[in-house]
$ cat structure-v7.txt   # compact mmCIF, C-alpha atoms
# COMPACT_ATOMS: atom_id res chain seq x y z
CA MET A 1 16.91 -21.62 -9.55
CA ALA A 2 13.65 -22.82 -11.07
CA PRO A 3 11.59 -20.26 -12.98
CA LYS A 4 8.55 -18.71 -11.35
CA LYS A 5 5.41 -20.77 -11.87
CA TYR A 6 2.63 -18.55 -10.54
CA TYR A 7 1.62 -15.12 -11.78
CA ALA A 8 -0.62 -12.83 -9.76
CA VAL A 9 -2.58 -10.29 -11.80
CA ALA A 10 -4.00 -7.62 -9.49
CA LYS A 11 -5.07 -5.26 -12.28
CA GLY A 12 -5.89 -6.69 -15.69
CA LEU A 13 -8.71 -7.95 -17.86
CA LYS A 14 -9.42 -10.75 -15.37
CA PRO A 15 -7.53 -10.42 -12.06
CA GLY A 16 -6.44 -13.63 -10.45
CA ILE A 17 -3.58 -16.11 -10.10
CA TYR A 18 -2.32 -18.02 -13.14
CA ASP A 19 0.06 -20.96 -13.32
CA ASN A 20 1.51 -20.09 -16.72
CA TRP A 21 2.83 -16.90 -18.28
CA PRO A 22 0.92 -16.99 -21.62
CA GLU A 23 -2.43 -17.03 -19.81
CA ALA A 24 -1.37 -14.29 -17.40
CA LYS A 25 0.03 -12.24 -20.27
CA SER A 26 -3.32 -12.37 -22.07
CA GLN A 27 -4.86 -10.58 -19.06
CA ILE A 28 -2.45 -7.63 -19.15
CA ASP A 29 -1.72 -7.12 -22.85
CA GLY A 30 -3.26 -3.81 -23.87
CA PHE A 31 -4.52 -3.13 -20.33
CA THR A 32 -3.33 0.31 -19.25
CA GLY A 33 -1.95 0.33 -15.72
CA ALA A 34 -1.74 -3.45 -15.40
CA LEU A 35 -0.30 -4.65 -12.08
CA TYR A 36 1.16 -8.14 -11.84
CA LYS A 37 4.07 -10.13 -10.43
CA GLY A 38 5.52 -13.65 -10.59
CA PHE A 39 6.05 -15.99 -7.62
CA PRO A 40 7.54 -19.44 -6.98
CA SER A 41 4.47 -20.59 -5.04
CA ARG A 42 0.71 -20.03 -5.08
CA LYS A 43 0.74 -19.13 -1.39
CA GLU A 44 3.12 -16.23 -1.99
CA ALA A 45 1.00 -15.08 -4.91
CA GLU A 46 -2.12 -15.15 -2.75
CA GLU A 47 -0.42 -13.15 0.00
CA TRP A 48 0.70 -10.51 -2.49
CA MET A 49 -2.82 -10.19 -3.91
CA LYS A 50 -3.96 -8.98 -0.48
CA ASN A 51 -1.69 -5.93 -0.87
CA PRO A 52 -0.57 -5.79 -4.51
CA VAL A 53 2.33 -3.37 -4.76
CA LEU A 54 5.65 -3.71 -6.55
CA LYS A 55 8.42 -3.39 -3.98
CA ARG A 56 11.98 -2.96 -5.14
CA ILE A 57 14.23 -5.69 -3.79
CA PRO A 58 18.01 -6.10 -3.73
CA PHE A 59 19.26 -6.89 -7.22
CA SER A 60 21.22 -9.84 -5.85
CA ALA A 61 17.92 -11.54 -5.02
CA ILE A 62 16.75 -11.60 -8.63
CA PRO A 63 17.44 -14.79 -10.60
CA SER A 64 19.65 -13.98 -13.57
CA GLU A 65 17.40 -15.91 -15.95
CA ASN A 66 14.69 -13.30 -15.36
CA ALA A 67 16.74 -10.82 -17.35
CA GLY A 68 18.03 -13.16 -20.00
CA GLY A 69 21.54 -14.35 -19.22
CA ASP A 70 23.86 -13.29 -16.42
CA SER A 71 22.45 -9.84 -15.67
CA LYS A 72 23.55 -9.43 -12.08
CA PRO A 73 25.91 -6.45 -11.72
CA LYS A 74 29.51 -7.15 -10.86
CA ASP A 75 31.48 -5.16 -8.32
CA GLY A 76 32.43 -1.77 -9.66
CA GLU A 77 29.91 -1.89 -12.52
CA ILE A 78 26.66 -0.04 -13.15
CA THR A 79 23.48 -1.73 -14.33
CA ILE A 80 20.72 0.26 -16.02
CA TYR A 81 17.19 -0.73 -16.96
CA THR A 82 15.09 1.47 -19.25
CA ASP A 83 11.67 1.29 -20.86
CA GLY A 84 9.37 3.56 -22.81
CA GLY A 85 6.13 3.56 -24.71
CA SER A 86 3.16 5.56 -25.88
CA SER A 87 -0.57 5.07 -25.93
CA GLY A 88 -1.70 5.17 -29.55
CA ASN A 89 1.77 5.44 -31.11
CA PRO A 90 1.71 8.35 -31.64
CA GLY A 91 0.02 9.46 -28.48
CA PRO A 92 0.82 10.38 -24.88
CA GLY A 93 4.05 8.64 -23.93
CA GLY A 94 6.44 8.08 -21.08
CA TYR A 95 9.75 6.52 -20.09
CA GLY A 96 11.14 4.90 -16.97
CA VAL A 97 14.71 4.34 -15.78
CA VAL A 98 16.32 2.40 -12.94
CA ILE A 99 20.07 2.80 -12.34
CA ILE A 100 21.67 0.27 -9.97
CA HIS A 101 25.11 0.82 -8.44
CA GLU A 102 26.64 -0.59 -5.27
CA GLY A 103 23.31 -1.97 -4.07
CA LYS A 104 21.40 1.29 -4.50
CA ALA A 105 18.78 2.11 -7.13
CA GLU A 106 17.91 5.51 -8.61
CA GLU A 107 14.74 6.09 -10.62
CA TYR A 108 13.91 8.63 -13.32
CA CYS A 109 10.79 9.08 -15.40
CA GLY A 110 8.94 11.59 -17.57
CA GLY A 111 6.53 11.92 -20.44
CA PHE A 112 5.23 13.93 -23.40
CA ARG A 113 1.74 14.63 -24.65
CA LEU A 114 2.39 13.41 -28.21
CA THR A 115 5.24 11.05 -29.09
CA THR A 116 6.00 7.46 -30.17
CA ASN A 117 7.08 4.18 -28.61
CA ASN A 118 10.52 4.33 -30.20
CA ARG A 119 11.14 7.91 -29.13
CA MET A 120 10.32 7.01 -25.55
CA GLU A 121 12.56 3.91 -25.65
CA LEU A 122 15.43 6.10 -26.87
CA THR A 123 14.65 8.84 -24.36
CA GLY A 124 14.79 6.35 -21.50
CA ALA A 125 18.33 5.36 -22.47
CA ILE A 126 19.34 9.00 -22.95
CA VAL A 127 17.97 10.13 -19.58
CA ALA A 128 19.77 7.26 -17.87
CA LEU A 129 23.11 8.19 -19.37
CA ARG A 130 22.61 11.90 -18.75
CA ASN A 131 22.23 11.08 -15.06
CA LEU A 132 25.12 8.65 -14.86
CA ARG A 133 27.19 9.64 -11.84
CA HIS A 134 30.24 7.46 -12.50
CA LYS A 135 31.22 7.70 -16.14
CA ASP A 136 34.52 5.91 -15.55
CA LYS A 137 32.86 2.60 -14.59
CA PRO A 138 31.67 -0.19 -16.93
CA VAL A 139 27.96 0.07 -17.73
CA THR A 140 25.41 -2.48 -18.91
CA LEU A 141 22.10 -1.10 -20.15
CA TYR A 142 19.12 -3.46 -20.44
CA THR A 143 16.10 -2.59 -22.59
CA ASP A 144 13.30 -4.59 -24.16
CA SER A 145 13.59 -2.45 -27.30
CA SER A 146 15.27 -4.27 -30.19
CA TYR A 147 15.15 -0.93 -32.02
CA VAL A 148 17.53 0.63 -29.48
CA VAL A 149 19.80 -2.39 -29.05
CA ASN A 150 20.19 -3.08 -32.77
CA GLY A 151 20.64 0.58 -33.61
CA ILE A 152 23.71 0.71 -31.36
CA THR A 153 25.19 -2.80 -31.40
CA LYS A 154 24.82 -3.31 -35.15
CA GLY A 155 26.19 0.14 -35.91
CA TRP A 156 23.09 1.30 -37.72
CA ALA A 157 22.82 4.66 -35.95
CA GLU A 158 26.49 5.47 -36.50
CA LYS A 159 26.15 4.70 -40.21
CA TRP A 160 23.04 6.85 -40.48
CA ARG A 161 24.84 9.80 -38.90
CA LYS A 162 27.88 9.42 -41.17
CA ASN A 163 25.48 9.45 -44.12
CA ASN A 164 23.69 12.62 -42.95
CA TRP A 165 20.87 10.57 -41.44
CA ILE A 166 20.03 8.76 -44.65
CA LYS A 167 19.59 4.99 -44.44
CA SER A 168 20.90 2.41 -46.90
CA ASP A 169 17.49 2.35 -48.62
CA LYS A 170 17.89 6.09 -49.27
CA GLN A 171 15.07 6.92 -46.84
CA PRO A 172 15.56 9.42 -43.99
CA ALA A 173 16.42 7.87 -40.62
CA VAL A 174 13.73 8.42 -37.99
CA ASN A 175 14.53 10.17 -34.70
CA PRO A 176 17.95 11.59 -35.70
CA ASP A 177 17.85 14.06 -32.79
CA LEU A 178 17.68 11.28 -30.22
CA TRP A 179 20.05 8.90 -31.98
CA GLY A 180 22.60 11.69 -32.26
CA GLU A 181 22.46 12.49 -28.56
CA LEU A 182 22.63 8.82 -27.59
CA LEU A 183 25.71 8.29 -29.76
CA ASP A 184 27.39 11.29 -28.14
CA LEU A 185 26.57 10.04 -24.65
CA ILE A 186 27.97 6.54 -25.17
CA LYS A 187 31.15 7.67 -26.92
CA PRO A 188 33.25 8.13 -23.73
CA LEU A 189 31.73 5.16 -21.92
CA LYS A 190 32.57 1.49 -21.62
CA ILE A 191 29.00 0.36 -22.19
CA LYS A 192 27.09 -2.71 -23.36
CA PHE A 193 23.51 -2.64 -24.64
CA MET A 194 21.57 -5.83 -23.90
CA TRP A 195 18.06 -6.88 -24.88
CA VAL A 196 15.81 -8.17 -22.09
CA LYS A 197 12.44 -9.82 -22.61
CA GLY A 198 9.68 -7.50 -21.43
CA HIS A 199 6.97 -8.56 -18.97
CA ALA A 200 8.81 -11.76 -18.09
CA GLY A 201 9.08 -11.40 -14.33
CA ASN A 202 12.15 -9.15 -13.98
CA ILE A 203 11.17 -6.69 -11.29
CA TYR A 204 13.30 -3.82 -12.64
CA ASN A 205 11.94 -4.18 -16.16
CA GLU A 206 8.46 -4.20 -14.64
CA ARG A 207 9.29 -1.16 -12.54
CA CYS A 208 10.49 0.77 -15.61
CA ASP A 209 7.27 -0.13 -17.40
CA GLU A 210 5.26 1.05 -14.40
CA LEU A 211 7.12 4.37 -14.35
CA ALA A 212 6.66 4.86 -18.10
CA VAL A 213 2.93 4.09 -18.05
CA SER A 214 2.22 6.31 -15.04
CA SER A 215 4.24 9.18 -16.55
CA ALA A 216 2.26 9.03 -19.80
CA LYS A 217 -0.98 9.48 -17.84
CA LYS A 218 0.03 12.65 -16.03
CA PRO A 219 -1.82 15.86 -16.89
CA GLY A 220 -0.09 18.81 -18.49
CA LEU A 221 2.62 16.85 -20.26
CA PRO A 222 5.13 18.91 -22.25
CA GLU A 223 5.59 18.91 -26.00
CA ASP A 224 8.08 16.49 -27.53
CA LYS A 225 9.70 19.10 -29.73
CA GLY A 226 11.69 16.54 -31.67
CA TYR A 227 8.63 14.56 -32.76
CA LYS A 228 7.76 15.02 -36.42
CA GLY A 229 4.24 13.73 -36.97
$ encode --input "structure-v7.txt" --output "structure tokens"
Amino acid sequence: MAPKKYYAVAKGLKPGIYDNWPEAKSQIDGFTGALYKGFPSRKEAEEWMKNPVLKRIPFSAIPSENAGGDSKPKDGEITIYTDGGSSGNPGPGGYGVVIIHEGKAEEYCGGFRLTTNNRMELTGAIVALRNLRHKDKPVTLYTDSSYVVNGITKGWAEKWRKNNWIKSDKQPAVNPDLWGELLDLIKPLKIKFMWVKGHAGNIYNERCDELAVSSAKKPGLPEDKGYKG
């Protein structure tokens, strides 16, 4: 399937329809609450602009290249998307989660009044695995955080824990509370962590971003007790 060629930006620096991703991206980078979506034709983009909402669609309808590789879930497997971020880093932050299993999607989100991007990326993965209903099934978790993916797949977090949360450069590892919980959660699972390019047209990555951003804006957010400023 050919990649999407039109990008509708409903909320951004300059709303409109763009025929290339770099130009569209320049309208949403740094714009809080940006709303946008990719389409294979200008007509579809124009129709969406009349009522710009992100509607969840069956995962089978999403081209695999949108997630980087073959990301469509196989029978009997669970697919998870997570995202997180903060405004100001540190600042108010939020996370978003979508768990897909047997054609159904569950969403989770939350936020804190003072936290960091990396803490929210980790929290998204943790919340997803805390709420995993079928721990006996294979799991693939997609995130646009290289920090999370590398920390697990390259064994960094496990090495930090074995060394009392001291890194190879003799500096303290950051976020040991969250890394420790994530390591405990994945231990009994058959799970793969995969990096996915953010803001590249994958509707579930976009949905997680939307959940994270909206959560960070809510009033009365709780304290992130693990954050050490």
$ atom_distance --input "structure-v7.txt" --atom1 "atom CA of Pro92 of chain A" --atom2 "atom CA of Lys217 of chain A"
7.3 Å
$ atom_distance --input "structure-v7.txt" --atom1 "atom CA of Leu183 of chain A" --atom2 "atom CA of Val148 of chain A"
11.2 Å
$ residues_around --input "structure-v7.txt" --residues "Asp209 of chain A" --least-positions-apart "2" --cutoff "9 Å" --atoms "all atoms listed in the file" --output "number ranges by chain"
A: 82-85, 95-97, 198-199, 204-207, 211-214
$ residues_around --input "structure-v7.txt" --residues "Trp21 of chain A" --least-positions-apart "3" --cutoff "8 Å" --atoms "all atoms listed in the file" --output "number ranges by chain"
A: 5-7, 18, 24-25, 200
$ closest_residue --input "structure-v7.txt" --among "A:Val174, A:Ala34, A:Val139, A:Ala128" --to "Phe193 of chain A" --atoms "only C-alpha atoms"
A:Val139
$ decode --input "structure-v7.txt" --residues "segment 159-180 of chain A" --atoms "N, CA and C atoms" --output "CSV table (one decimal), in the first residue's frame"
chain,number,residue,atom,x,y,z
A,159,LYS,N,21.2,-4.2,34.0
A,159,LYS,CA,22.6,-4.0,34.5
A,159,LYS,C,22.6,-2.9,35.6
A,160,TRP,N,21.9,-1.8,35.4
A,160,TRP,CA,21.8,-0.8,36.4
A,160,TRP,C,21.3,-1.3,37.8
A,161,ARG,N,20.3,-2.2,37.7
A,161,ARG,CA,19.7,-2.7,38.9
A,161,ARG,C,20.7,-3.7,39.6
A,162,LYS,N,21.4,-4.5,38.8
A,162,LYS,CA,22.4,-5.4,39.4
A,162,LYS,C,23.5,-4.6,40.1
A,163,ASN,N,23.8,-3.4,39.6
A,163,ASN,CA,24.8,-2.6,40.1
A,163,ASN,C,24.3,-1.5,41.1
A,164,ASN,N,23.2,-1.9,41.7
A,164,ASN,CA,22.6,-0.9,42.7
A,164,ASN,C,22.3,0.4,42.1
A,165,TRP,N,21.8,0.4,40.9
A,165,TRP,CA,21.3,1.6,40.1
A,165,TRP,C,22.5,2.6,39.9
A,166,ILE,N,23.7,2.0,39.7
A,166,ILE,CA,24.8,2.9,39.3
A,166,ILE,C,25.2,2.5,37.8
A,167,LYS,N,25.3,3.4,37.0
A,167,LYS,CA,25.6,3.2,35.6
A,167,LYS,C,27.1,2.9,35.4
A,168,SER,N,27.5,2.5,34.2
A,168,SER,CA,28.9,2.2,33.9
A,168,SER,C,29.8,3.4,34.0
A,169,ASP,N,29.3,4.6,33.9
A,169,ASP,CA,30.1,5.8,34.1
A,169,ASP,C,30.1,6.3,35.6
A,170,LYS,N,29.6,5.4,36.4
A,170,LYS,CA,29.7,5.6,37.9
A,170,LYS,C,28.6,6.7,38.3
A,171,GLN,N,27.8,7.1,37.4
A,171,GLN,CA,26.7,8.1,37.8
A,171,GLN,C,25.4,7.3,38.2
A,172,PRO,N,24.6,7.9,39.0
A,172,PRO,CA,23.4,7.2,39.4
A,172,PRO,C,22.4,7.1,38.2
A,173,ALA,N,21.8,6.0,38.1
A,173,ALA,CA,20.8,5.8,37.0
A,173,ALA,C,19.5,6.6,37.4
A,174,VAL,N,18.9,7.3,36.4
A,174,VAL,CA,17.7,8.1,36.6
A,174,VAL,C,16.5,7.2,36.6
A,175,ASN,N,15.5,7.5,37.4
A,175,ASN,CA,14.2,6.8,37.4
A,175,ASN,C,14.3,5.4,37.8
A,176,PRO,N,15.1,5.0,38.9
A,176,PRO,CA,15.2,3.6,39.3
A,176,PRO,C,13.9,3.0,39.8
A,177,ASP,N,13.0,3.9,40.3
A,177,ASP,CA,11.7,3.4,40.8
A,177,ASP,C,10.9,2.8,39.7
A,178,LEU,N,10.9,3.5,38.5
A,178,LEU,CA,10.1,3.1,37.4
A,178,LEU,C,10.8,2.0,36.6
A,179,TRP,N,12.1,2.0,36.5
A,179,TRP,CA,12.8,1.0,35.8
A,179,TRP,C,12.6,-0.4,36.6
A,180,GLY,N,12.7,-0.3,37.9
A,180,GLY,CA,12.6,-1.5,38.7
A,180,GLY,C,11.2,-2.1,38.5
